[in-house]
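Peer 1: This structure is in structure tokens; I'll ask about it shortly.
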Amino acid sequence: MRKFISCIVPLVAVILLSPSCSKNSGMYIPANEGTFGMKVTFAPVVVKSTNGKINLLYSVDMSDFGTEGYKLKDFQVLNSANGTLLCSLSDTGKYMLVHKPAIESIPEELFYYPLVGHATYRFSIGLVLDPAQVPTKIKHRLVLTKDTKDKIIDAAETSVSVGSIPVFSSPLKGDRFVSANTTTLINNQHPGYQITYRGNTTVPERFCVDWNKIDATGTPYHGDSGIYGNWYIYGQNVYAVAEGSVIAVNDGMPDQSPVGTLSNDLNLYNGGGNSVVVYIAGVGYTIYGHMIPNSIVVKTGQSVTKGQLIGKVGNSGNSQAPHLHFGLHTEFPYYISEGLPYYIDSMEKTGSTGKPGGTLVTLPVSVVLLNELVENCGVYNLR
């Protein structure tokens, strides 16, 4: 779990981007020759969000070209059909995160085998497109430089899937809930959080949401913000989003106090604080994190139904302000998984803050939306 940063609280994001790639006069290397094992490791899936945009969040891996003396000059994402540039390292209108040769995130002593040669590069790509702009296939171009010469590699073509996305009910009920850290990669920590475990690098929180609650002025608390009980989200009921089986419960961790501080006992395994993991057959593992200690009312091994009470929103674990962390994952525990998209069956969009720290803008008329992913910093009434 990552530290929570609300859409209400200003966020300063530092994005490392490579310089713009000028026209390349270097040699051209056809696909399949010297591609450094470039491959799509999490394929793009069409995901519709409540702002009318299509989101393609996916990943491309390759071996460490630095071992052969090459430096990264550019990495480009292209529409295979017409060669249109969709995204590159120099395109600040989109976002691409470069994960350099991976350092294992788990202590070596916890491995069951010796650690050998797992250094890879990973590019996490986030395209936010109008529906008409979505390509059927995407290809990738790696531009490397060595001894003043460029090496251009075209490889890792992939289809854009229009697959079935699971539909859930909302984990919360009430008015003016804000969805933070989701959908886009810009100003969003979840899809930027990459982890390497046993040589495999994943983005476990790619589509996760941090839920908060605001008043009519756009403020998430009353009185002293350092008191977690003053946050409107604190103590809100948390509900199961679908039928499933509880496979893990963590409880008894205190709420972080005052708000904005963290205890020194946090690690990869307990960052979700008081949390529940529910397995949904044929879909994946849903996680509900940062709940109030001893508020969880389900047990490991128990079956739950859609809409069943699970616990109450708190500020436990790796949480800098009260919120509910919710996500869908391919595996359990989350840190060995890829984050998966999902839709909420029905919600009423009432406005948006637009960006972290932005001003609340209320829609003239609220809009009921069915089977879509919430947008970053959208404001919703949930039923």
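The way I read the labels, and the way they are meant: chains A, B, ... in the order of the structure tokens, residue 1 as the first residue of every chain, and ligand 1 as the first ligand shown, with later ones counted on from there.
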With the cut-off set at 9 Å and counting only C-alpha atoms, tabulate each residue of region 140-189 of chain A with an atom at most that distance from an atom of region 209-222 of chain A, showing the nearest atom pair and its distance in Å to one decimal, ordered by chain and increasing number, as JSON lines.

Peer 2:
```
{"residue": "A:Leu172", "atom": "CA", "partner": "A:Trp211", "partner_atom": "CA", "distance": 8.7}
{"residue": "A:Asp175", "atom": "CA", "partner": "A:Lys213", "partner_atom": "CA", "distance": 7.8}
{"residue": "A:Arg176", "atom": "CA", "partner": "A:Ile214", "partner_atom": "CA", "distance": 5.7}
{"residue": "A:Phe177", "atom": "CA", "partner": "A:Lys213", "partner_atom": "CA", "distance": 4.3}
{"residue": "A:Val178", "atom": "CA", "partner": "A:Asn212", "partner_atom": "CA", "distance": 5.1}
{"residue": "A:Ser179", "atom": "CA", "partner": "A:Trp211", "partner_atom": "CA", "distance": 4.9}
{"residue": "A:Ala180", "atom": "CA", "partner": "A:Asp210", "partner_atom": "CA", "distance": 5.0}
{"residue": "A:Asn181", "atom": "CA", "partner": "A:Val209", "partner_atom": "CA", "distance": 5.8}
{"residue": "A:Thr182", "atom": "CA", "partner": "A:Val209", "partner_atom": "CA", "distance": 5.3}
{"residue": "A:Thr183", "atom": "CA", "partner": "A:Val209", "partner_atom": "CA", "distance": 8.6}
```

Peer 1: As a PyMOL selection string, list the residues of region 155-362 of chain A assigned to strand (DSSP E or B) by DSSP on the backbone atoms of this structure.

Peer 2: chain A and resi 155-159+161+167-168+174-180+195-197+200-202+209-213+221+231+237-239+244-250+255+274-280+284-291+303-304+309-313+316+324-329+339+343-352+361-362

Peer 1: Can you write out as CSV which residues of region 133-226 of chain A fall within 12 Å of region 300-306 of chain A, alongside each residue's closest atom pair and its distance in Å to one decimal, counting only C-alpha atoms and ordering rows by chain and ascending residue number?

Peer 2:
```
residue,atom,partner,partner_atom,distance
A:Val167,CA,A:Lys306,CA,11.4
A:Phe168,CA,A:Lys306,CA,8.4
A:Ser169,CA,A:Lys306,CA,7.2
A:Ser170,CA,A:Lys306,CA,9.4
A:Pro171,CA,A:Lys306,CA,9.4
A:Leu172,CA,A:Lys306,CA,11.9
```

Peer 1: Go ahead and compute the interatomic distance for CA of Val367 (chain A) and CA of Thr286 (chain A), in Å to one decimal.

Peer 2: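 Rounded to one decimal, the two atoms are 26.9 Å apart.
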
Peer 1: Counting only C-alpha atoms, figure out which residue out of A:Asn294, A:Gln256, A:Ser225, A:Gln236 gets nearest to Leu324 (chain A).

Peer 2: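 Checking each of A:Asn294, A:Gln256, A:Ser225, A:Gln236 against Leu324 (chain A), counting only C-alpha atoms, the winner is A:Gln236.
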